[in-house]
Amino acid sequence: MHLGHTHGGPAAVSADATRPDGARRALRIGLGGPVGSGKTATVAALCRELRDRLSIAVVTNDIYTREDADFLLRQAVLPPERIRAVETGACPHTAIRDDISANLEAVEDLEEAVGPLDLILLESGGDNLTATFSKGLVDAQIFVIDVAGGDDIPRKGGPGVTTADLLVVNKTDLAPHVGSDLERMALDAEKQRGHLPVAFTSLTSAEGVGPVADWVRAQLAAWTA
């Protein structure tokens with residue numbers, strides 16, 4: 001496994017690829033992970049990387065605020081009408097896995113208001129290693145961790161780490177400062193995930209979100225094939 005690169009083919013896509021009117025709906029990709037791992041920054045970087053060639057919208061989830069949506073609006077990564085905030089009022093995983101109605105409504109409203117869309121990114125609020133998205137909400141999911149959380153996170157496993165279609169190990173530039181061993185994290189991730197891909201990223205570097213953007217493009221190619 002090479003740091004900064006992804007391996008493995010596209011994730012399986014849903015059979016329900018069309019809207020009620022028969023038009024192809026947008027590919028939906030969920031991003032989950034612990035608080036502070038860099039989910040919102042990853043969403044912002046993906047929007048900047050892909051927005052010139054793709055029609056994109058974003059749904060963010062926070063418990064009682066619009067903090068993540070407001071960050072994206074301040075960064076002007078997309079026009080305001082393409083960003084929606086969901087206030088979950090409970091643990092973040094509730095709205096992405098257990099009762100997905102608020103997120104589904106936001107997704108459908110976005111497609112109606114600014115469609116047709118190629119891609120909708122759904123960002124979960126910060127949660128733990130068990131956070132996963134319902135297959136009824138997203139077609140593929142990314143789980144974001146960061147080296148500052150400890151280089152033992154991949155070894156600890158949990159559904160987010162072991163089953164996400166893409167695992168992102170973020171903030172690699174901090175590894176020397178927090179004592180995290182990237183090679184060890186890569187080996188542990190490979191043991192936990194088997195053939196599922198892993199991307200190592202630093203959003204402060206020139207390569208930045210590139211490996212994740214390449215993976216998203218592969219999912220889109222499979223979705224539209």
# chains A, B, ... in the order shown; residues from 1 in each chain; ligands from 1
>>> closest_atom_pairs(of="range 118-186 of chain A", to="range 94-108 of chain A", cutoff="7 Å", atoms="only C-alpha atoms", output="JSON lines")
{"residue": "A:Ser124", "atom": "CA", "partner": "A:Ile96", "partner_atom": "CA", "distance": 6.9}
{"residue": "A:Thr132", "atom": "CA", "partner": "A:Arg97", "partner_atom": "CA", "distance": 6.5}
{"residue": "A:Phe133", "atom": "CA", "partner": "A:Arg97", "partner_atom": "CA", "distance": 4.9}
{"residue": "A:Ser134", "atom": "CA", "partner": "A:Arg97", "partner_atom": "CA", "distance": 4.4}
{"residue": "A:Leu137", "atom": "CA", "partner": "A:Leu104", "partner_atom": "CA", "distance": 6.6}
>>> write_last_selection(atoms="N, CA, C and O atoms", output="PDB file, in the first residue's frame")
ATOM      1  N   SER A 124     -21.873  13.874   7.674  1.00  0.00           N
ATOM      2  CA  SER A 124     -22.395  13.603   9.005  1.00  0.00           C
ATOM      3  C   SER A 124     -21.777  14.558  10.008  1.00  0.00           C
ATOM      4  O   SER A 124     -20.667  15.067   9.813  1.00  0.00           O
ATOM      5  N   THR A 132     -22.071   4.846  10.507  1.00  0.00           N
ATOM      6  CA  THR A 132     -22.215   4.446   9.111  1.00  0.00           C
ATOM      7  C   THR A 132     -23.494   5.037   8.560  1.00  0.00           C
ATOM      8  O   THR A 132     -24.401   5.390   9.306  1.00  0.00           O
ATOM      9  N   PHE A 133     -23.569   5.136   7.233  1.00  0.00           N
ATOM     10  CA  PHE A 133     -24.742   5.678   6.560  1.00  0.00           C
ATOM     11  C   PHE A 133     -25.680   4.552   6.128  1.00  0.00           C
ATOM     12  O   PHE A 133     -25.235   3.466   5.763  1.00  0.00           O
ATOM     13  N   SER A 134     -26.968   4.841   6.146  1.00  0.00           N
ATOM     14  CA  SER A 134     -27.948   3.907   5.606  1.00  0.00           C
ATOM     15  C   SER A 134     -27.759   3.774   4.103  1.00  0.00           C
ATOM     16  O   SER A 134     -27.514   4.767   3.404  1.00  0.00           O
ATOM     17  N   LEU A 137     -29.816   5.973   1.998  1.00  0.00           N
ATOM     18  CA  LEU A 137     -29.503   7.397   1.897  1.00  0.00           C
ATOM     19  C   LEU A 137     -28.362   7.662   0.927  1.00  0.00           C
ATOM     20  O   LEU A 137     -28.432   8.598   0.124  1.00  0.00           O
TER      21      LEU A 137
END
>>> select_by_dssp(residues="range 98-162 of chain A", states="strand (DSSP E)", output="CSV table (one decimal) with N, CA, C and O atoms, in the first residue's frame")
chain,number,residue,atom,x,y,z
A,119,LEU,N,-23.6,15.1,-8.4
A,119,LEU,CA,-23.1,14.6,-7.2
A,119,LEU,C,-23.7,15.4,-6.0
A,119,LEU,O,-23.7,16.6,-6.0
A,120,ILE,N,-24.1,14.6,-4.9
A,120,ILE,CA,-24.5,15.2,-3.7
A,120,ILE,C,-23.6,14.6,-2.6
A,120,ILE,O,-23.5,13.4,-2.4
A,121,LEU,N,-22.9,15.5,-1.9
A,121,LEU,CA,-22.1,15.1,-0.7
A,121,LEU,C,-22.9,15.3,0.6
A,121,LEU,O,-23.4,16.4,0.8
A,122,LEU,N,-23.0,14.2,1.4
A,122,LEU,CA,-23.7,14.3,2.6
A,122,LEU,C,-22.7,14.1,3.8
A,122,LEU,O,-22.1,13.1,3.9
A,123,GLU,N,-22.5,15.2,4.6
A,123,GLU,CA,-21.6,15.2,5.7
A,123,GLU,C,-22.3,14.9,7.0
A,123,GLU,O,-23.2,15.7,7.4
A,140,ALA,N,-22.5,5.4,-1.6
A,140,ALA,CA,-21.1,5.0,-1.2
A,140,ALA,C,-20.8,5.9,0.0
A,140,ALA,O,-21.3,7.0,0.1
A,141,GLN,N,-19.9,5.5,0.8
A,141,GLN,CA,-19.5,6.3,2.0
A,141,GLN,C,-18.0,6.3,2.2
A,141,GLN,O,-17.3,5.4,2.0
A,142,ILE,N,-17.6,7.5,2.7
A,142,ILE,CA,-16.2,7.8,3.0
A,142,ILE,C,-16.1,8.0,4.5
A,142,ILE,O,-17.0,8.6,5.1
A,143,PHE,N,-15.1,7.4,5.2
A,143,PHE,CA,-14.9,7.6,6.6
A,143,PHE,C,-13.6,8.3,6.8
A,143,PHE,O,-12.6,7.8,6.3
A,144,VAL,N,-13.6,9.4,7.5
A,144,VAL,CA,-12.4,10.3,7.7
A,144,VAL,C,-11.9,10.2,9.1
A,144,VAL,O,-12.6,10.4,10.0
A,145,ILE,N,-10.6,9.8,9.2
A,145,ILE,CA,-10.0,9.8,10.5
A,145,ILE,C,-8.7,10.7,10.3
A,145,ILE,O,-8.4,11.1,9.2
A,146,ASP,N,-8.0,11.1,11.5
A,146,ASP,CA,-6.8,11.9,11.3
A,146,ASP,C,-5.7,11.3,12.2
A,146,ASP,O,-6.0,10.7,13.2
>>> select_by_dssp(residues="range 1-137 of chain A", states="alpha helix (DSSP H)", output="ChimeraX atom specification")
/A:39-50,67-75,92-93,101-114
>>> residues_around(residues="Leu117 in chain A", least_positions_apart="5", cutoff="12 Å", atoms="only C-alpha atoms", output="MDAnalysis selection string")
chainID A and resid 18:19 23:28 51 53:58 82 107:112 220
>>> write_last_selection(atoms="C-alpha atoms", output="PDB file, in the first residue's frame")
ATOM      1  CA  THR A  18     -33.579   7.305 -11.253  1.00  0.00           C
ATOM      2  CA  ARG A  19     -35.948   9.883  -9.852  1.00  0.00           C
ATOM      3  CA  ALA A  23     -34.405  11.222 -14.869  1.00  0.00           C
ATOM      4  CA  ARG A  24     -31.130   9.940 -13.471  1.00  0.00           C
ATOM      5  CA  ARG A  25     -30.624  11.186  -9.937  1.00  0.00           C
ATOM      6  CA  ALA A  26     -27.350  12.406  -8.489  1.00  0.00           C
ATOM      7  CA  LEU A  27     -24.783  10.063  -7.020  1.00  0.00           C
ATOM      8  CA  ARG A  28     -24.926  10.398  -3.214  1.00  0.00           C
ATOM      9  CA  ARG A  51     -17.123  22.068  -9.207  1.00  0.00           C
ATOM     10  CA  ARG A  53     -16.786  19.999 -14.323  1.00  0.00           C
ATOM     11  CA  LEU A  54     -19.605  18.646 -12.150  1.00  0.00           C
ATOM     12  CA  SER A  55     -22.905  19.914 -10.813  1.00  0.00           C
ATOM     13  CA  ILE A  56     -22.559  19.472  -7.031  1.00  0.00           C
ATOM     14  CA  ALA A  57     -24.629  20.077  -3.906  1.00  0.00           C
ATOM     15  CA  VAL A  58     -23.936  19.463  -0.202  1.00  0.00           C
ATOM     16  CA  ARG A  82     -26.504  24.352  -3.267  1.00  0.00           C
ATOM     17  CA  VAL A 107     -31.488  15.735  -0.961  1.00  0.00           C
ATOM     18  CA  GLU A 108     -34.759  15.668  -2.869  1.00  0.00           C
ATOM     19  CA  ASP A 109     -35.318  19.405  -2.318  1.00  0.00           C
ATOM     20  CA  LEU A 110     -31.851  20.161  -3.696  1.00  0.00           C
ATOM     21  CA  GLU A 111     -32.415  18.061  -6.815  1.00  0.00           C
ATOM     22  CA  GLU A 112     -35.734  19.790  -7.367  1.00  0.00           C
ATOM     23  CA  LEU A 220     -19.231   8.754 -10.866  1.00  0.00           C
TER      24      LEU A 220
END
>>> residues_around(residues="Glu87 in chain A", least_positions_apart="6", cutoff="6 Å", atoms="only C-alpha atoms", output="ChimeraX atom specification")
/A:61-64
>>> atom_distance(atom1="CA of Trp215 in chain A", atom2="CA of Leu166 in chain A")
8.1 Å
>>> closest_residue(among="A:Val168, A:Ser180, A:Thr201, A:Ala44", to="Arg74 in chain A", atoms="only C-alpha atoms")
A:Ala44
>>> residues_around(residues="Ser202 in chain A", least_positions_apart="6", cutoff="8 Å", atoms="only C-alpha atoms", output="MDAnalysis selection string")
chainID A and resid 170:173 208:209
>>> atom_distance(atom1="CA of Ala199 in chain A", atom2="CA of Asp165 in chain A")
11.1 Å
>>> decode(residues="range 166-202 of chain A", atoms="N, CA and C atoms", output="short mmCIF file (atom, residue, chain, number, x, y, z; two decimals), in the first residue's frame")
data_model
loop_
_atom_site.label_atom_id
_atom_site.label_comp_id
_atom_site.auth_asym_id
_atom_site.auth_seq_id
_atom_site.Cartn_x
_atom_site.Cartn_y
_atom_site.Cartn_z
N LEU A 166 -14.44 4.01 1.25
CA LEU A 166 -13.11 4.62 1.24
C LEU A 166 -12.78 5.10 2.64
N LEU A 167 -11.62 4.72 3.15
CA LEU A 167 -11.11 5.25 4.41
C LEU A 167 -10.09 6.33 4.09
N VAL A 168 -10.28 7.51 4.68
CA VAL A 168 -9.34 8.62 4.49
C VAL A 168 -8.60 8.85 5.80
N VAL A 169 -7.28 8.79 5.76
CA VAL A 169 -6.43 9.13 6.90
C VAL A 169 -5.90 10.53 6.64
N ASN A 170 -6.42 11.49 7.35
CA ASN A 170 -6.19 12.91 7.05
C ASN A 170 -5.11 13.51 7.98
N LYS A 171 -4.64 14.68 7.59
CA LYS A 171 -3.67 15.47 8.37
C LYS A 171 -2.32 14.75 8.50
N THR A 172 -1.89 14.11 7.42
CA THR A 172 -0.62 13.39 7.48
C THR A 172 0.56 14.31 7.77
N ASP A 173 0.42 15.60 7.49
CA ASP A 173 1.50 16.54 7.77
C ASP A 173 1.77 16.68 9.27
N LEU A 174 0.81 16.28 10.11
CA LEU A 174 0.98 16.38 11.55
C LEU A 174 1.66 15.17 12.16
N ALA A 175 1.84 14.11 11.38
CA ALA A 175 2.36 12.86 11.92
C ALA A 175 3.67 13.04 12.71
N PRO A 176 4.66 13.78 12.19
CA PRO A 176 5.91 13.92 12.96
C PRO A 176 5.72 14.65 14.28
N HIS A 177 4.69 15.48 14.35
CA HIS A 177 4.49 16.31 15.55
C HIS A 177 3.67 15.59 16.63
N VAL A 178 2.92 14.56 16.26
CA VAL A 178 2.08 13.86 17.23
C VAL A 178 2.52 12.42 17.43
N GLY A 179 3.65 12.04 16.80
CA GLY A 179 4.20 10.71 17.01
C GLY A 179 3.43 9.59 16.35
N SER A 180 2.74 9.87 15.24
CA SER A 180 1.99 8.85 14.52
C SER A 180 2.84 8.23 13.41
N ASP A 181 2.78 6.93 13.30
CA ASP A 181 3.54 6.17 12.32
C ASP A 181 2.63 5.87 11.13
N LEU A 182 2.85 6.55 10.01
CA LEU A 182 1.97 6.40 8.86
C LEU A 182 2.07 5.00 8.24
N GLU A 183 3.25 4.45 8.20
CA GLU A 183 3.41 3.10 7.65
C GLU A 183 2.64 2.08 8.49
N ARG A 184 2.70 2.25 9.78
CA ARG A 184 1.95 1.36 10.67
C ARG A 184 0.45 1.52 10.43
N MET A 185 -0.02 2.75 10.30
CA MET A 185 -1.44 2.99 10.04
C MET A 185 -1.86 2.34 8.73
N ALA A 186 -0.99 2.42 7.72
CA ALA A 186 -1.31 1.82 6.43
C ALA A 186 -1.43 0.31 6.54
N LEU A 187 -0.52 -0.31 7.25
CA LEU A 187 -0.55 -1.77 7.41
C LEU A 187 -1.77 -2.20 8.22
N ASP A 188 -2.06 -1.48 9.30
CA ASP A 188 -3.22 -1.83 10.12
C ASP A 188 -4.52 -1.65 9.34
N ALA A 189 -4.61 -0.58 8.54
CA ALA A 189 -5.80 -0.35 7.73
C ALA A 189 -5.99 -1.46 6.71
N GLU A 190 -4.89 -1.90 6.11
CA GLU A 190 -4.98 -2.96 5.11
C GLU A 190 -5.46 -4.26 5.76
N LYS A 191 -4.99 -4.55 6.97
CA LYS A 191 -5.43 -5.75 7.68
C LYS A 191 -6.92 -5.68 8.00
N GLN A 192 -7.39 -4.51 8.40
CA GLN A 192 -8.79 -4.36 8.79
C GLN A 192 -9.73 -4.34 7.59
N ARG A 193 -9.25 -3.83 6.45
CA ARG A 193 -10.15 -3.52 5.33
C ARG A 193 -9.99 -4.46 4.14
N GLY A 194 -8.94 -5.24 4.11
CA GLY A 194 -8.75 -6.14 2.98
C GLY A 194 -8.57 -5.36 1.69
N HIS A 195 -9.45 -5.59 0.73
CA HIS A 195 -9.30 -4.97 -0.59
C HIS A 195 -9.86 -3.56 -0.65
N LEU A 196 -10.55 -3.11 0.41
CA LEU A 196 -11.17 -1.77 0.37
C LEU A 196 -10.09 -0.69 0.41
N PRO A 197 -10.27 0.39 -0.36
CA PRO A 197 -9.20 1.39 -0.53
C PRO A 197 -9.01 2.32 0.67
N VAL A 198 -7.80 2.85 0.77
CA VAL A 198 -7.41 3.80 1.80
C VAL A 198 -6.68 4.95 1.12
N ALA A 199 -6.97 6.18 1.53
CA ALA A 199 -6.26 7.35 1.01
C ALA A 199 -5.65 8.12 2.16
N PHE A 200 -4.40 8.49 2.04
CA PHE A 200 -3.71 9.33 3.02
C PHE A 200 -3.65 10.75 2.46
N THR A 201 -4.15 11.72 3.23
CA THR A 201 -4.27 13.08 2.70
C THR A 201 -3.74 14.12 3.68
N SER A 202 -3.26 15.20 3.11
CA SER A 202 -2.95 16.41 3.85
C SER A 202 -3.49 17.57 3.03
#
